[in-house]
Amino acid sequence: MGKENPAEKSLNLIRGRLCDPTFVFRPLSVSPESNYSKLRFIVSTSITEGCNNSILLLGPRGSGKAAVLDLVVGDLLEEYPDSVSVIRLNGLLHSDDNCAFKEIARQLCMEHSLLFSKMASFDENSQFIIAMLRECGLAHKTIIFVLDEFDMFAQARILNPYSLLIGKQRLLYSLLDAMQSVTSQAVVVGISSRLDADQLLEKRVRSRFSHRKILFIPPSREEFDSLLEHLLSLPADSSFPSGYVSRFNEKIKNITSDTRFKDMLKTFFNANSTVNSLLKFIFRAVSLMNMESGLLSLENFKAALSSMQRQPKLEAVRDCSILELYLLVCMRRLEVKEQSSYNFISVMKEYKTIHDSFQTSDYYAQNVCLRAFEHLKEREVICYAENRGQSQTGEYRPMKLLISASELHQGMRSHACCPAILVKLLDH
């Protein structure tokens with residue numbers, strides 16, 4: 001096999017980094033005030049001091065709750081290899097109490113090399129779990145229960161055929177109640193994207209919960225900048241040619257310091273500011289890297305941003321016929337003239353005015369224009385201004401645009417066949 005191209009090698013390296021949560025979140029965990037430090041302190045205290053704890057990790061999807069927890073658990077398993085067991089449940093899969101208890105029993109049996117019985121009843125599994133908590137506590141071994149989608153374990157369900165709302169928190173109550181014993185040694189970690197997840201708990205469960213919460217908020221701009229450098233910079237002491245590494249890293253610094261790139265990031269974060277969305281954005285940009293030069297460019301990030309921020313309204317304008325563009329421009333001109341209410345008839349008058357003034361070749365009969373008008377309504381580019389007046393025919397009912405002037409202008413500029421006169425009419 002031939003020697004690997006430095007460009008391909010750097011591409012594979014950065015892609016591997018982006019897909020490794022441990023590498024991504026490690027620099028965000030250095031600060032003693034980080035969520036990693038807070039969570040590690042709570043869990044490690046339970047291990048070293050033999051106490052019970054419960055905590056909720058709350059934040060939007062993609063904010064790194066599960067990744068930070070995995071980072072903490074991985075580090076603690078290295079530090080205390082014989083003192084930690086991890087049991088993982090997901091509310092989407094194990095919200096049924098019988099299923100949840102059976103899954104906990106199965107994982108405990110696998111962890112401690114015991115024989116698991118699929119035929120065990122709910123009560124047998126429950127007694128087995130309580131006994132294992134007691135035995136692990138006596139052996140100074142902490143069991144970490146990870147409950148992903150925690151709110152699914154806490155919500156109520158409907159019991160058919162009587163449609164009665166019943167509590168769905170038997171699992172939570174059993175775990176937290178068993179942790180009240182002095183012999184048990186466990187930590188319950190709930191993960192949820194609902195900030196009110198603790199308010200869903202029943203009174204008996206809430207009284208046994210420790211009410212510790214860690215909120216995952218979007219990183220600051222300084223943290224994002226350091227994360228970008230951490231993810232994209234090539235290591236100096238590596239098998240890459242030294243000249244290539246210096247050129248690559250210098251290019252990254254030039255891009256990240258460019259005001260256009262900063263404006264691009266600001267636009268991107270206004271839509272989604274989670275770490276997960278940033279990783280997807282960088283992954284797309286890196287995948288567009290020029291393999292001949294082996295360097296990233298600002299255009300790569302621009303293309304990645306445009307591919308992630310799909311704008312259906314702009315796409316609808318780009319797909320419009322010439323006649324439909326004329327109708328949209330007429331409606332926009334009526335709005336500029338501060339005509340508060342307009343219908344198809346008034347739009348046709350404006351259309352005729354434009355034709356008479358500029359002698360355009362694109363002039364169609366009224367019945368053809370009405371079909372184009374209806375098509376715009378079906379595409380949800382325009383709609384009726386109010387629900388009243390349904391007895392009126394469509395051409396007399398007030399209408400309104402569902403796209404802004406900037407969206408219309410941008411869509412027309414990117415349209416393949418838009419007449420120049422339309423863009424001029426829109427500007428004036």
# chains A, B, ... in the order shown; residues from 1 in each chain; ligands from 1
$ residues_around --residues "Asn367 (chain A)" --least-positions-apart "3" --cutoff "12 Å" --atoms "only C-alpha atoms" --output "list of chain:residue names"
A:Phe344, A:Ile345, A:Met348, A:Tyr363, A:Tyr364, A:Leu370, A:Arg371, A:Ala372, A:Phe373, A:Glu374, A:Glu395
$ select_by_dssp --residues "region 40-149 of chain A" --states "helix (DSSP H, G or I)" --output "ChimeraX atom specification"
/A:40-49,65-79,97-111,122-138
$ select_by_dssp --residues "region 121-331 of chain A" --states "strand (DSSP E)" --output "count of residues only"
24
$ atom_distance --atom1 "CA of Glu149 (chain A)" --atom2 "CA of Ile191 (chain A)"
5.7 Å
$ residues_around --residues "His112 (chain A)" --least-positions-apart "6" --cutoff "12 Å" --atoms "only C-alpha atoms" --output "PDB file with C-alpha atoms, in the first residue's frame"
ATOM      1  CA  ASP A  82     -13.712  -2.972  41.480  1.00  0.00           C
ATOM      2  CA  VAL A  84     -18.444   0.579  40.551  1.00  0.00           C
ATOM      3  CA  SER A  85     -21.279  -1.109  38.624  1.00  0.00           C
ATOM      4  CA  VAL A  86     -23.321   0.731  35.995  1.00  0.00           C
ATOM      5  CA  ILE A  87     -26.943  -0.102  35.158  1.00  0.00           C
ATOM      6  CA  ALA A 105     -31.933  -7.864  37.109  1.00  0.00           C
ATOM      7  CA  ARG A 106     -30.433  -8.974  33.775  1.00  0.00           C
ATOM      8  CA  MET A 132     -28.092  -7.025  45.380  1.00  0.00           C
ATOM      9  CA  GLU A 135     -24.815  -7.087  49.200  1.00  0.00           C
ATOM     10  CA  CYS A 136     -23.036  -4.481  47.049  1.00  0.00           C
ATOM     11  CA  LYS A 141     -19.438  -1.389  45.775  1.00  0.00           C
ATOM     12  CA  ILE A 143     -24.237   0.808  41.752  1.00  0.00           C
TER      13      ILE A 143
END
$ residues_around --residues "His355 (chain A)" --least-positions-apart "5" --cutoff "12 Å" --atoms "only C-alpha atoms" --output "list of chain:residue names"
A:Tyr326, A:Cys330, A:Met348, A:Lys349, A:Glu350, A:Thr360, A:Ser361, A:Asp362, A:Tyr363, A:Tyr364, A:Ile421, A:Leu422, A:Leu425
$ closest_atom_pairs --of "region 267-338 of chain A" --to "region 209-225 of chain A" --cutoff "8 Å" --atoms "only C-alpha atoms" --output "CSV"
residue,atom,partner,partner_atom,distance
A:Ser273,CA,A:Pro218,CA,5.9
A:Thr274,CA,A:Pro218,CA,5.5
A:Val275,CA,A:Pro218,CA,7.2
$ write_last_selection --atoms "N, CA, C and O atoms" --output "PDB file, in the first residue's frame"
ATOM      1  N   SER A 273     -27.636  26.370  19.342  1.00  0.00           N
ATOM      2  CA  SER A 273     -26.361  26.638  20.009  1.00  0.00           C
ATOM      3  C   SER A 273     -25.851  25.459  20.825  1.00  0.00           C
ATOM      4  O   SER A 273     -25.024  25.628  21.718  1.00  0.00           O
ATOM      5  N   THR A 274     -26.316  24.239  20.535  1.00  0.00           N
ATOM      6  CA  THR A 274     -25.839  23.073  21.275  1.00  0.00           C
ATOM      7  C   THR A 274     -24.513  22.582  20.694  1.00  0.00           C
ATOM      8  O   THR A 274     -24.175  22.848  19.538  1.00  0.00           O
ATOM      9  N   VAL A 275     -23.767  21.849  21.512  1.00  0.00           N
ATOM     10  CA  VAL A 275     -22.482  21.313  21.072  1.00  0.00           C
ATOM     11  C   VAL A 275     -22.687  20.317  19.936  1.00  0.00           C
ATOM     12  O   VAL A 275     -21.906  20.269  18.982  1.00  0.00           O
TER      13      VAL A 275
END
$ closest_residue --among "A:Leu39, A:Lys337, A:Gly394, A:Asp319" --to "Gly411 (chain A)" --atoms "only C-alpha atoms"
A:Asp319
$ residues_around --residues "Leu408 (chain A)" --least-positions-apart "6" --cutoff "9 Å" --atoms "only C-alpha atoms" --output "list in words"
Lys313, Leu314, Val317, Leu328, Val329, Arg332 and Leu426 of chain A
$ atom_distance --atom1 "CA of Leu171 (chain A)" --atom2 "CA of Leu133 (chain A)"
14.3 Å
$ closest_residue --among "A:Ala316, A:Leu201, A:Leu18, A:Ala7" --to "Leu278 (chain A)" --atoms "only C-alpha atoms"
A:Leu18
$ atom_distance --atom1 "CA of Val24 (chain A)" --atom2 "CA of Leu57 (chain A)"
18.5 Å
$ decode --residues "region 66-81 of chain A" --atoms "N, CA, C and O atoms" --output "JSON list (two decimals), in the first residue's frame"
[["chain", "number", "residue", "atom", "x", "y", "z"],
["A", 66, "ALA", "N", -25.46, 13.15, 28.25],
["A", 66, "ALA", "CA", -25.03, 11.75, 28.25],
["A", 66, "ALA", "C", -23.53, 11.64, 28.04],
["A", 66, "ALA", "O", -22.87, 10.78, 28.64],
["A", 67, "ALA", "N", -22.96, 12.52, 27.20],
["A", 67, "ALA", "CA", -21.52, 12.46, 26.92],
["A", 67, "ALA", "C", -20.70, 12.77, 28.17],
["A", 67, "ALA", "O", -19.71, 12.09, 28.46],
["A", 68, "VAL", "N", -21.11, 13.80, 28.92],
["A", 68, "VAL", "CA", -20.39, 14.16, 30.15],
["A", 68, "VAL", "C", -20.54, 13.04, 31.19],
["A", 68, "VAL", "O", -19.57, 12.71, 31.89],
["A", 69, "LEU", "N", -21.73, 12.46, 31.28],
["A", 69, "LEU", "CA", -21.93, 11.36, 32.23],
["A", 69, "LEU", "C", -21.05, 10.18, 31.86],
["A", 69, "LEU", "O", -20.41, 9.57, 32.73],
["A", 70, "ASP", "N", -20.98, 9.83, 30.57],
["A", 70, "ASP", "CA", -20.11, 8.72, 30.14],
["A", 70, "ASP", "C", -18.65, 9.02, 30.44],
["A", 70, "ASP", "O", -17.89, 8.12, 30.80],
["A", 71, "LEU", "N", -18.27, 10.29, 30.31],
["A", 71, "LEU", "CA", -16.89, 10.69, 30.61],
["A", 71, "LEU", "C", -16.60, 10.49, 32.10],
["A", 71, "LEU", "O", -15.55, 9.96, 32.48],
["A", 72, "VAL", "N", -17.54, 10.89, 32.96],
["A", 72, "VAL", "CA", -17.38, 10.73, 34.40],
["A", 72, "VAL", "C", -17.32, 9.25, 34.77],
["A", 72, "VAL", "O", -16.44, 8.81, 35.53],
["A", 73, "VAL", "N", -18.27, 8.48, 34.24],
["A", 73, "VAL", "CA", -18.32, 7.04, 34.56],
["A", 73, "VAL", "C", -17.06, 6.34, 34.09],
["A", 73, "VAL", "O", -16.49, 5.49, 34.81],
["A", 74, "GLY", "N", -16.59, 6.69, 32.88],
["A", 74, "GLY", "CA", -15.37, 6.07, 32.37],
["A", 74, "GLY", "C", -14.16, 6.36, 33.24],
["A", 74, "GLY", "O", -13.35, 5.46, 33.53],
["A", 75, "ASP", "N", -14.03, 7.61, 33.69],
["A", 75, "ASP", "CA", -12.91, 7.97, 34.56],
["A", 75, "ASP", "C", -12.99, 7.27, 35.92],
["A", 75, "ASP", "O", -11.96, 6.82, 36.46],
["A", 76, "LEU", "N", -14.20, 7.17, 36.46],
["A", 76, "LEU", "CA", -14.36, 6.52, 37.77],
["A", 76, "LEU", "C", -14.14, 5.01, 37.67],
["A", 76, "LEU", "O", -13.63, 4.39, 38.61],
["A", 77, "LEU", "N", -14.51, 4.40, 36.54],
["A", 77, "LEU", "CA", -14.26, 2.97, 36.36],
["A", 77, "LEU", "C", -12.77, 2.69, 36.28],
["A", 77, "LEU", "O", -12.30, 1.63, 36.72],
["A", 78, "GLU", "N", -12.00, 3.63, 35.72],
["A", 78, "GLU", "CA", -10.54, 3.49, 35.69],
["A", 78, "GLU", "C", -9.94, 3.66, 37.09],
["A", 78, "GLU", "O", -9.01, 2.95, 37.46],
["A", 79, "GLU", "N", -10.50, 4.62, 37.83],
["A", 79, "GLU", "CA", -9.95, 4.91, 39.16],
["A", 79, "GLU", "C", -10.38, 3.88, 40.20],
["A", 79, "GLU", "O", -9.59, 3.51, 41.09],
["A", 80, "TYR", "N", -11.65, 3.43, 40.09],
["A", 80, "TYR", "CA", -12.18, 2.44, 41.05],
["A", 80, "TYR", "C", -12.73, 1.25, 40.27],
["A", 80, "TYR", "O", -13.96, 1.03, 40.23],
["A", 81, "PRO", "N", -11.88, 0.43, 39.66],
["A", 81, "PRO", "CA", -12.37, -0.64, 38.77],
["A", 81, "PRO", "C", -13.23, -1.70, 39.47],
["A", 81, "PRO", "O", -14.10, -2.30, 38.85]]
